[in-house]
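Engineer: Sharing query-v7.txt here; it has compact mmCIF, C-alpha atoms.
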# COMPACT_ATOMS: atom_id res chain seq x y z
CA MET A 11 -137.99 -10.58 98.81
CA ALA A 12 -136.81 -13.34 101.12
CA LYS A 13 -138.09 -16.85 100.52
CA ASP A 14 -138.48 -19.85 102.80
CA PHE A 15 -135.46 -22.14 102.84
CA SER A 16 -137.65 -25.06 101.76
CA GLU A 17 -138.98 -23.04 98.82
CA VAL A 18 -135.49 -22.26 97.53
CA PHE A 19 -134.31 -25.88 98.01
CA PRO A 20 -137.52 -27.89 97.44
CA THR A 21 -135.76 -31.16 96.55
CA LEU A 22 -133.26 -31.07 99.41
CA LYS A 23 -134.01 -33.91 101.83
CA LEU A 24 -133.04 -33.26 105.44
CA ASN A 25 -133.57 -35.30 108.57
CA ASN A 26 -136.38 -34.28 110.91
CA ASP A 27 -134.14 -32.30 113.24
CA LEU A 28 -132.56 -30.24 110.46
CA ARG A 29 -135.88 -29.74 108.71
CA MET A 30 -137.34 -28.33 111.92
CA ILE A 31 -134.33 -26.08 112.55
CA TYR A 32 -134.53 -24.59 109.06
CA SER A 33 -138.33 -24.45 108.90
CA ASP A 34 -138.45 -20.73 109.69
CA ALA A 35 -135.17 -19.75 108.02
CA LYS A 36 -135.37 -17.35 105.10
CA VAL A 37 -133.00 -17.24 102.14
CA LEU A 38 -132.03 -13.65 101.39
CA ARG A 39 -129.91 -14.34 98.34
CA ILE A 40 -127.59 -16.81 96.66
CA ALA A 41 -124.31 -15.75 95.07
CA ASN A 42 -121.73 -17.61 93.02
CA THR A 43 -118.13 -16.77 92.21
CA SER A 44 -116.87 -15.99 88.73
CA LYS A 45 -115.16 -19.40 88.62
CA GLY A 46 -118.40 -21.13 89.54
CA ASP A 47 -116.59 -23.08 92.25
CA ARG A 48 -118.30 -21.61 95.30
CA LEU A 49 -121.95 -21.02 96.12
CA ARG A 50 -122.83 -18.70 98.99
CA VAL A 51 -126.27 -18.92 100.57
CA TYR A 52 -127.33 -16.02 102.79
CA ILE A 53 -130.01 -16.89 105.33
CA ARG A 54 -131.76 -15.26 108.26
CA ALA A 55 -133.39 -17.05 111.18
CA PRO A 56 -135.23 -15.86 114.31
CA HIS A 57 -133.13 -18.19 116.48
CA ILE A 58 -129.62 -19.55 116.76
CA ILE A 59 -128.64 -22.25 114.30
CA GLU A 60 -125.73 -24.21 115.70
CA LYS A 61 -122.65 -24.33 113.51
CA LYS A 62 -122.73 -28.12 113.30
CA ASP A 63 -126.19 -27.83 111.74
CA VAL A 64 -124.94 -25.23 109.27
CA TYR A 65 -122.08 -27.51 108.24
CA ALA A 66 -124.46 -30.47 107.94
CA VAL A 67 -126.76 -28.64 105.52
CA GLU A 68 -123.81 -27.35 103.49
CA ARG A 69 -122.69 -30.95 103.03
CA GLU A 70 -126.19 -32.11 102.09
CA ILE A 71 -126.60 -29.38 99.47
CA VAL A 72 -123.36 -30.48 97.82
CA ARG A 73 -124.10 -34.19 98.14
CA GLN A 74 -127.67 -34.06 96.88
CA LEU A 75 -127.78 -31.13 94.48
CA PHE A 76 -124.24 -30.92 93.09
CA PRO A 77 -122.83 -34.45 93.35
CA ASN A 78 -120.70 -34.19 90.21
CA ASP A 79 -119.45 -30.63 90.63
CA ALA A 80 -116.28 -29.41 92.33
CA LEU A 81 -118.30 -26.92 94.31
CA THR A 82 -118.03 -25.51 97.82
CA VAL A 83 -121.27 -24.37 99.45
CA THR A 84 -121.07 -21.86 102.29
CA ILE A 85 -124.08 -20.76 104.30
CA HIS A 86 -123.83 -17.27 105.77
CA GLU A 87 -126.26 -17.20 108.66
CA ASN A 88 -127.75 -14.13 110.32
CA PHE A 89 -129.90 -14.24 113.44
CA GLU A 90 -132.72 -11.97 114.58
CA LEU A 91 -132.71 -12.89 118.26
CA SER A 92 -135.11 -11.91 121.01
CA ALA A 93 -134.40 -8.95 123.25
CA GLY A 94 -133.77 -11.38 126.11
CA TYR A 95 -130.25 -12.14 124.90
CA ASN A 96 -127.23 -10.42 126.38
CA ALA A 97 -123.52 -11.19 126.13
CA ARG A 98 -123.65 -13.92 128.79
CA SER A 99 -126.74 -15.75 127.55
CA LEU A 100 -125.59 -15.63 123.93
CA MET A 101 -122.12 -16.90 124.77
CA GLU A 102 -123.53 -19.71 126.88
CA ALA A 103 -125.94 -20.73 124.12
CA TYR A 104 -123.49 -20.36 121.24
CA ARG A 105 -120.09 -21.22 122.73
CA GLU A 106 -119.84 -24.73 121.27
CA SER A 107 -120.69 -23.38 117.82
CA ILE A 108 -118.05 -20.68 118.19
CA LEU A 109 -115.49 -23.34 119.11
CA ASP A 110 -116.53 -25.45 116.11
CA GLU A 111 -116.08 -22.44 113.85
CA PHE A 112 -112.71 -21.53 115.31
CA LYS A 113 -111.58 -25.13 114.80
CA SER A 114 -112.54 -24.89 111.13
CA TYR A 115 -111.05 -21.42 110.75
CA ASP A 116 -107.73 -21.84 112.55
CA ARG A 117 -106.77 -24.51 115.06
CA PHE A 118 -104.32 -22.16 116.78
CA TYR A 119 -107.24 -19.97 117.78
CA TYR A 120 -109.40 -22.97 118.67
CA LEU A 121 -106.77 -24.34 121.04
CA ILE A 122 -106.39 -20.96 122.72
CA LEU A 123 -110.13 -20.34 122.98
CA SER A 124 -110.94 -23.80 124.27
CA HIS A 125 -108.85 -23.07 127.39
CA ALA A 126 -110.23 -19.56 127.91
CA ASP A 127 -112.50 -18.42 130.72
CA PHE A 128 -115.20 -15.81 130.23
CA GLU A 129 -116.61 -13.12 132.49
CA TYR A 130 -119.40 -10.61 131.85
CA PRO A 131 -118.79 -7.33 133.69
CA GLU A 132 -121.68 -5.71 131.81
CA ASP A 133 -124.62 -6.93 129.73
CA ASN A 134 -122.86 -6.01 126.51
CA VAL A 135 -119.27 -6.84 127.48
CA VAL A 136 -117.38 -10.14 127.35
CA ARG A 137 -114.05 -10.46 129.13
CA MET A 138 -112.06 -13.29 127.55
CA ILE A 139 -109.40 -14.59 129.95
CA LEU A 140 -106.61 -16.39 128.12
CA ASP A 141 -103.68 -18.44 129.33
CA ASP A 142 -100.75 -16.02 129.54
CA THR A 143 -98.66 -17.40 126.70
CA LEU A 144 -96.78 -15.79 123.84
CA VAL A 145 -99.08 -17.51 121.34
CA ALA A 146 -102.21 -16.12 123.02
CA ARG A 147 -100.79 -12.60 123.14
CA GLU A 148 -99.79 -12.76 119.48
CA HIS A 149 -103.25 -13.84 118.32
CA LYS A 150 -105.56 -12.01 120.73
CA ASP A 151 -106.41 -9.11 118.38
CA GLU A 152 -107.58 -11.38 115.58
CA MET A 153 -109.57 -13.50 118.01
CA VAL A 154 -111.28 -10.39 119.37
CA ARG A 155 -112.07 -9.26 115.82
CA ILE A 156 -113.67 -12.59 114.98
CA LEU A 157 -115.69 -12.80 118.19
CA GLU A 158 -117.00 -9.26 117.80
CA LYS A 159 -117.93 -10.01 114.19
CA ILE A 160 -119.92 -13.04 115.32
CA PHE A 161 -121.69 -11.14 118.08
CA ASN A 162 -122.29 -7.85 116.28
CA GLU A 163 -122.85 -8.84 112.66
CA ARG A 164 -124.18 -12.38 112.73
CA CYS A 165 -126.16 -12.22 115.95
CA ASN A 166 -127.00 -8.50 115.76
CA LEU A 167 -126.04 -7.97 119.39
CA ALA A 168 -123.74 -5.05 120.18
CA VAL A 169 -120.99 -6.63 122.27
CA SER A 170 -117.43 -5.57 123.08
CA VAL A 171 -114.79 -8.20 123.80
CA LEU A 172 -112.02 -7.42 126.30
CA VAL A 173 -108.95 -9.55 126.97
CA ASP A 174 -107.29 -10.49 130.23
CA TYR A 175 -104.80 -13.19 131.13
CA LYS A 176 -104.46 -15.90 133.73
CA GLU A 177 -101.46 -17.79 135.01
CA HIS A 178 -100.65 -21.21 133.66
CA ASP A 179 -101.90 -24.26 135.49
CA GLU A 180 -98.65 -25.58 136.98
CA SER A 181 -100.11 -28.93 138.02
CA ARG A 182 -99.12 -32.15 136.31
CA ALA A 183 -102.44 -32.17 134.45
CA GLY A 184 -101.88 -28.56 133.43
CA ARG A 185 -98.37 -29.29 132.13
CA SER A 186 -99.69 -32.29 130.23
CA ALA A 187 -102.43 -30.20 128.63
CA GLU A 188 -99.94 -27.49 127.70
CA ARG A 189 -97.59 -30.05 126.18
CA LYS A 190 -100.43 -31.42 124.05
CA ILE A 191 -101.31 -27.92 122.89
CA ASN A 192 -97.70 -27.21 121.95
CA GLU A 193 -97.44 -30.53 120.11
CA GLU A 194 -100.61 -29.73 118.20
CA ILE A 195 -99.32 -26.27 117.32
CA MET A 196 -96.05 -27.77 116.05
CA ARG A 197 -97.98 -30.32 114.00
CA ILE A 198 -100.15 -27.62 112.46
CA SER A 199 -97.14 -25.40 111.79
CA GLY A 200 -95.42 -28.23 109.98
CA GLY A 201 -98.36 -28.64 107.63
CA LEU A 202 -98.93 -25.01 106.79
CA SER A 203 -96.43 -24.89 103.95
CA GLY A 204 -98.63 -27.11 101.82
CA LYS A 205 -101.73 -24.94 102.13
CA ASP A 206 -102.54 -22.92 99.03
CA SER A 207 -104.33 -19.61 98.82
CA GLU A 208 -107.52 -21.21 97.58
CA SER A 209 -107.83 -23.41 100.66
CA ASP A 210 -107.10 -20.40 102.87
CA ASP A 211 -110.04 -18.60 101.29
CA ALA A 212 -112.29 -21.59 101.80
CA GLU A 213 -111.40 -21.88 105.48
CA THR A 214 -111.98 -18.22 106.30
CA ASP A 215 -115.07 -17.84 104.14
CA SER A 216 -117.59 -18.61 106.85
CA LEU A 217 -116.31 -15.77 109.03
CA HIS A 218 -116.74 -13.09 106.38
CA THR A 219 -119.56 -10.60 106.56
CA SER A 220 -122.16 -10.64 103.82
CA GLU A 221 -120.43 -7.69 102.20
CA ASP A 222 -117.02 -9.33 102.39
CA ALA A 223 -118.30 -12.57 100.95
CA ALA A 224 -120.01 -10.83 98.05
CA ASP A 225 -116.71 -9.48 96.78
CA GLY A 226 -115.79 -11.38 93.64
CA ALA A 227 -119.25 -12.94 93.30
CA ASP A 228 -120.25 -12.34 89.69
CA GLY A 229 -123.79 -13.58 89.82
CA TYR A 230 -126.35 -13.85 92.54
CA TYR A 231 -129.95 -14.70 93.08
CA GLU A 232 -131.98 -12.25 95.12
CA ALA A 233 -134.63 -14.18 97.03
Using structure tokens, write down the structure from this file.
Structural biologist:
Amino acid sequence: MAKDFSEVFPTLKLNNDLRMIYSDAKVLRIANTSKGDRLRVYIRAPHIIEKKDVYAVEREIVRQLFPNDALTVTIHENFELSAGYNARSLMEAYRESILDEFKSYDRFYYLILSHADFEYPEDNVVRMILDDTLVAREHKDEMVRILEKIFNERCNLAVSVLVDYKEHDESRAGRSAERKINEEIMRISGGLSGKDSESDDAETDSLHTSEDAADGADGYYEA
């Protein structure tokens, strides 16, 4: 049976804003890996919880409850939203959180998505319009997969994501922005060789489904 977030973490001290946001969140279960180095907290809320507020509570759990442990805490959020949401209203409400998550997951995708336009030809369809670049075309399938996972599995809203392309902005400002993107991509590419498999797993963890994340979790607490 699910328990209130405050009941599962009674000693966790949050600021007023976070306490209000999590006041009606339920903890479904808690799972830990066999190494004991990662704790996964599965929650459900009747409203959107912005990603910055998820990250903030993850940090507070580590800081307050596990200050001396080499532990990563990941909250896997699931939303039961009102019937009033469609693809447009959800994207408008959740876009900044999606960008925050893409930035954490992979800055290539974040840079591409941050310059994308969105259209909504139907209530349950998002058309993502990307700059027509080789990088965008190479990564579009994975970006669609992630977006559909967020819409369909986390937000429980059946949405299909389509892809279209737009011409580059050839203005001076557009060329400057493109140059900055390319410089950032080169900087990221130069640092990838030092990233180990463990850090890869940590970065992608928040985009797993509950079932994916449970793989390799030896013990778990059912709320």
Engineer: Would you compute the distance between CA of Ile85 (chain A) and CA of Tyr65 (chain A)? Give it in Å to one decimal.
Structural biologist: 8.1 Å
Engineer: Just to confirm, what's the straight-line distance from CA of Leu28 (chain A) to CA of Ile53 (chain A) in Å (one decimal)?
Structural biologist: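 Distance reported for this atom pair: 14.5 Å.
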Engineer: Measuring between all atoms listed in the file, which one of A:Cys165, A:Asn78, A:Leu157, A:Met138 shows the shortest distance to His57 (chain A)?
Structural biologist: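 Distance minimum relative to His57 (chain A) lands on A:Cys165.
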Engineer: Using only C-alpha atoms, determine which residues lie at most 10 Å from region 89-103 of chain A, disregarding the query and same-chain residues fewer than 3 positions distant; provide the list as a PDB file with C-alpha atoms, in the frame of the given file.
Structural biologist:
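What follows is the written file out.pdb:
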ATOM      1  CA  ALA A  35    -135.170 -19.750 108.020  1.00  0.00           C
ATOM      2  CA  ILE A  53    -130.010 -16.890 105.330  1.00  0.00           C
ATOM      3  CA  ARG A  54    -131.760 -15.260 108.260  1.00  0.00           C
ATOM      4  CA  ALA A  55    -133.390 -17.050 111.180  1.00  0.00           C
ATOM      5  CA  PRO A  56    -135.230 -15.860 114.310  1.00  0.00           C
ATOM      6  CA  HIS A  57    -133.130 -18.190 116.480  1.00  0.00           C
ATOM      7  CA  ILE A  58    -129.620 -19.550 116.760  1.00  0.00           C
ATOM      8  CA  ILE A  59    -128.640 -22.250 114.300  1.00  0.00           C
ATOM      9  CA  GLU A  60    -125.730 -24.210 115.700  1.00  0.00           C
ATOM     10  CA  GLU A 106    -119.840 -24.730 121.270  1.00  0.00           C
ATOM     11  CA  SER A 107    -120.690 -23.380 117.820  1.00  0.00           C
ATOM     12  CA  ILE A 108    -118.050 -20.680 118.190  1.00  0.00           C
ATOM     13  CA  PHE A 128    -115.200 -15.810 130.230  1.00  0.00           C
ATOM     14  CA  GLU A 129    -116.610 -13.120 132.490  1.00  0.00           C
ATOM     15  CA  TYR A 130    -119.400 -10.610 131.850  1.00  0.00           C
ATOM     16  CA  PRO A 131    -118.790  -7.330 133.690  1.00  0.00           C
ATOM     17  CA  GLU A 132    -121.680  -5.710 131.810  1.00  0.00           C
ATOM     18  CA  ASP A 133    -124.620  -6.930 129.730  1.00  0.00           C
ATOM     19  CA  ASN A 134    -122.860  -6.010 126.510  1.00  0.00           C
ATOM     20  CA  VAL A 135    -119.270  -6.840 127.480  1.00  0.00           C
ATOM     21  CA  VAL A 136    -117.380 -10.140 127.350  1.00  0.00           C
ATOM     22  CA  ARG A 137    -114.050 -10.460 129.130  1.00  0.00           C
ATOM     23  CA  PHE A 161    -121.690 -11.140 118.080  1.00  0.00           C
ATOM     24  CA  GLU A 163    -122.850  -8.840 112.660  1.00  0.00           C
ATOM     25  CA  ARG A 164    -124.180 -12.380 112.730  1.00  0.00           C
ATOM     26  CA  CYS A 165    -126.160 -12.220 115.950  1.00  0.00           C
ATOM     27  CA  ASN A 166    -127.000  -8.500 115.760  1.00  0.00           C
ATOM     28  CA  LEU A 167    -126.040  -7.970 119.390  1.00  0.00           C
ATOM     29  CA  ALA A 168    -123.740  -5.050 120.180  1.00  0.00           C
ATOM     30  CA  VAL A 169    -120.990  -6.630 122.270  1.00  0.00           C
ATOM     31  CA  SER A 170    -117.430  -5.570 123.080  1.00  0.00           C
ATOM     32  CA  VAL A 171    -114.790  -8.200 123.800  1.00  0.00           C
TER      33      VAL A 171
END
Engineer: A:Lys159, A:Arg39, A:Arg50, A:Lys45: which is nearest Ile71 (chain A), counting only C-alpha atoms?
Structural biologist: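 Smallest separation from Ile71 (chain A) among the options: A:Arg50.
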Engineer: CA of Arg105 (chain A) to CA of Val64 (chain A): how many Å, to one decimal?
Structural biologist: 14.9 Å
Engineer: In the coordinate frame of the file, compute which residues have an atom within 10 Å of (-104.8, -15.6, 128.0) when using all atoms listed in the file, and state them as number ranges by chain.
Structural biologist: A: 122-123, 125-127, 138-147, 149-150, 173-178
Engineer: Measuring between all atoms listed in the file, which one of A:Leu38, A:Arg69, A:Gln74, A:Asp47 shows the shortest distance to Lys23 (chain A)?
Structural biologist: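 Of all the options, A:Gln74 lies closest to Lys23 (chain A).
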Engineer: Point out the residue among A:Val83, A:Leu172, A:Ala66, A:Leu75 with the least atom-to-atom distance to Thr21 (chain A), counting only C-alpha atoms.
Structural biologist: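 Counting only C-alpha atoms, the residue closest to Thr21 (chain A) is A:Leu75.
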Engineer: Regenerate region 98-111 of chain A at the level of N, CA and C atoms and dump it as a JSON list (two decimals), in the coordinates of the input.
Structural biologist:
[["chain", "number", "residue", "atom", "x", "y", "z"],
["A", 98, "ARG", "N", -123.78, -12.65, 128.07],
["A", 98, "ARG", "CA", -123.65, -13.92, 128.79],
["A", 98, "ARG", "C", -124.53, -15.01, 128.19],
["A", 99, "SER", "N", -125.81, -14.72, 128.01],
["A", 99, "SER", "CA", -126.74, -15.75, 127.55],
["A", 99, "SER", "C", -126.41, -16.20, 126.13],
["A", 100, "LEU", "N", -125.96, -15.26, 125.30],
["A", 100, "LEU", "CA", -125.59, -15.63, 123.93],
["A", 100, "LEU", "C", -124.34, -16.49, 123.93],
["A", 101, "MET", "N", -123.35, -16.12, 124.72],
["A", 101, "MET", "CA", -122.12, -16.90, 124.77],
["A", 101, "MET", "C", -122.39, -18.30, 125.31],
["A", 102, "GLU", "N", -123.22, -18.40, 126.32],
["A", 102, "GLU", "CA", -123.53, -19.71, 126.88],
["A", 102, "GLU", "C", -124.28, -20.58, 125.87],
["A", 103, "ALA", "N", -125.16, -19.97, 125.10],
["A", 103, "ALA", "CA", -125.94, -20.73, 124.12],
["A", 103, "ALA", "C", -125.13, -21.08, 122.88],
["A", 104, "TYR", "N", -124.15, -20.26, 122.55],
["A", 104, "TYR", "CA", -123.49, -20.36, 121.24],
["A", 104, "TYR", "C", -122.02, -20.75, 121.34],
["A", 105, "ARG", "N", -121.53, -21.00, 122.55],
["A", 105, "ARG", "CA", -120.09, -21.22, 122.73],
["A", 105, "ARG", "C", -119.59, -22.43, 121.95],
["A", 106, "GLU", "N", -120.31, -23.54, 121.98],
["A", 106, "GLU", "CA", -119.84, -24.73, 121.27],
["A", 106, "GLU", "C", -119.77, -24.48, 119.77],
["A", 107, "SER", "N", -120.72, -23.71, 119.25],
["A", 107, "SER", "CA", -120.69, -23.38, 117.82],
["A", 107, "SER", "C", -119.50, -22.48, 117.50],
["A", 108, "ILE", "N", -119.21, -21.55, 118.39],
["A", 108, "ILE", "CA", -118.05, -20.68, 118.19],
["A", 108, "ILE", "C", -116.77, -21.51, 118.18],
["A", 109, "LEU", "N", -116.66, -22.47, 119.09],
["A", 109, "LEU", "CA", -115.49, -23.34, 119.11],
["A", 109, "LEU", "C", -115.40, -24.16, 117.83],
["A", 110, "ASP", "N", -116.53, -24.69, 117.36],
["A", 110, "ASP", "CA", -116.53, -25.45, 116.11],
["A", 110, "ASP", "C", -116.03, -24.58, 114.95],
["A", 111, "GLU", "N", -116.47, -23.34, 114.94],
["A", 111, "GLU", "CA", -116.08, -22.44, 113.85],
["A", 111, "GLU", "C", -114.61, -22.07, 113.94]]
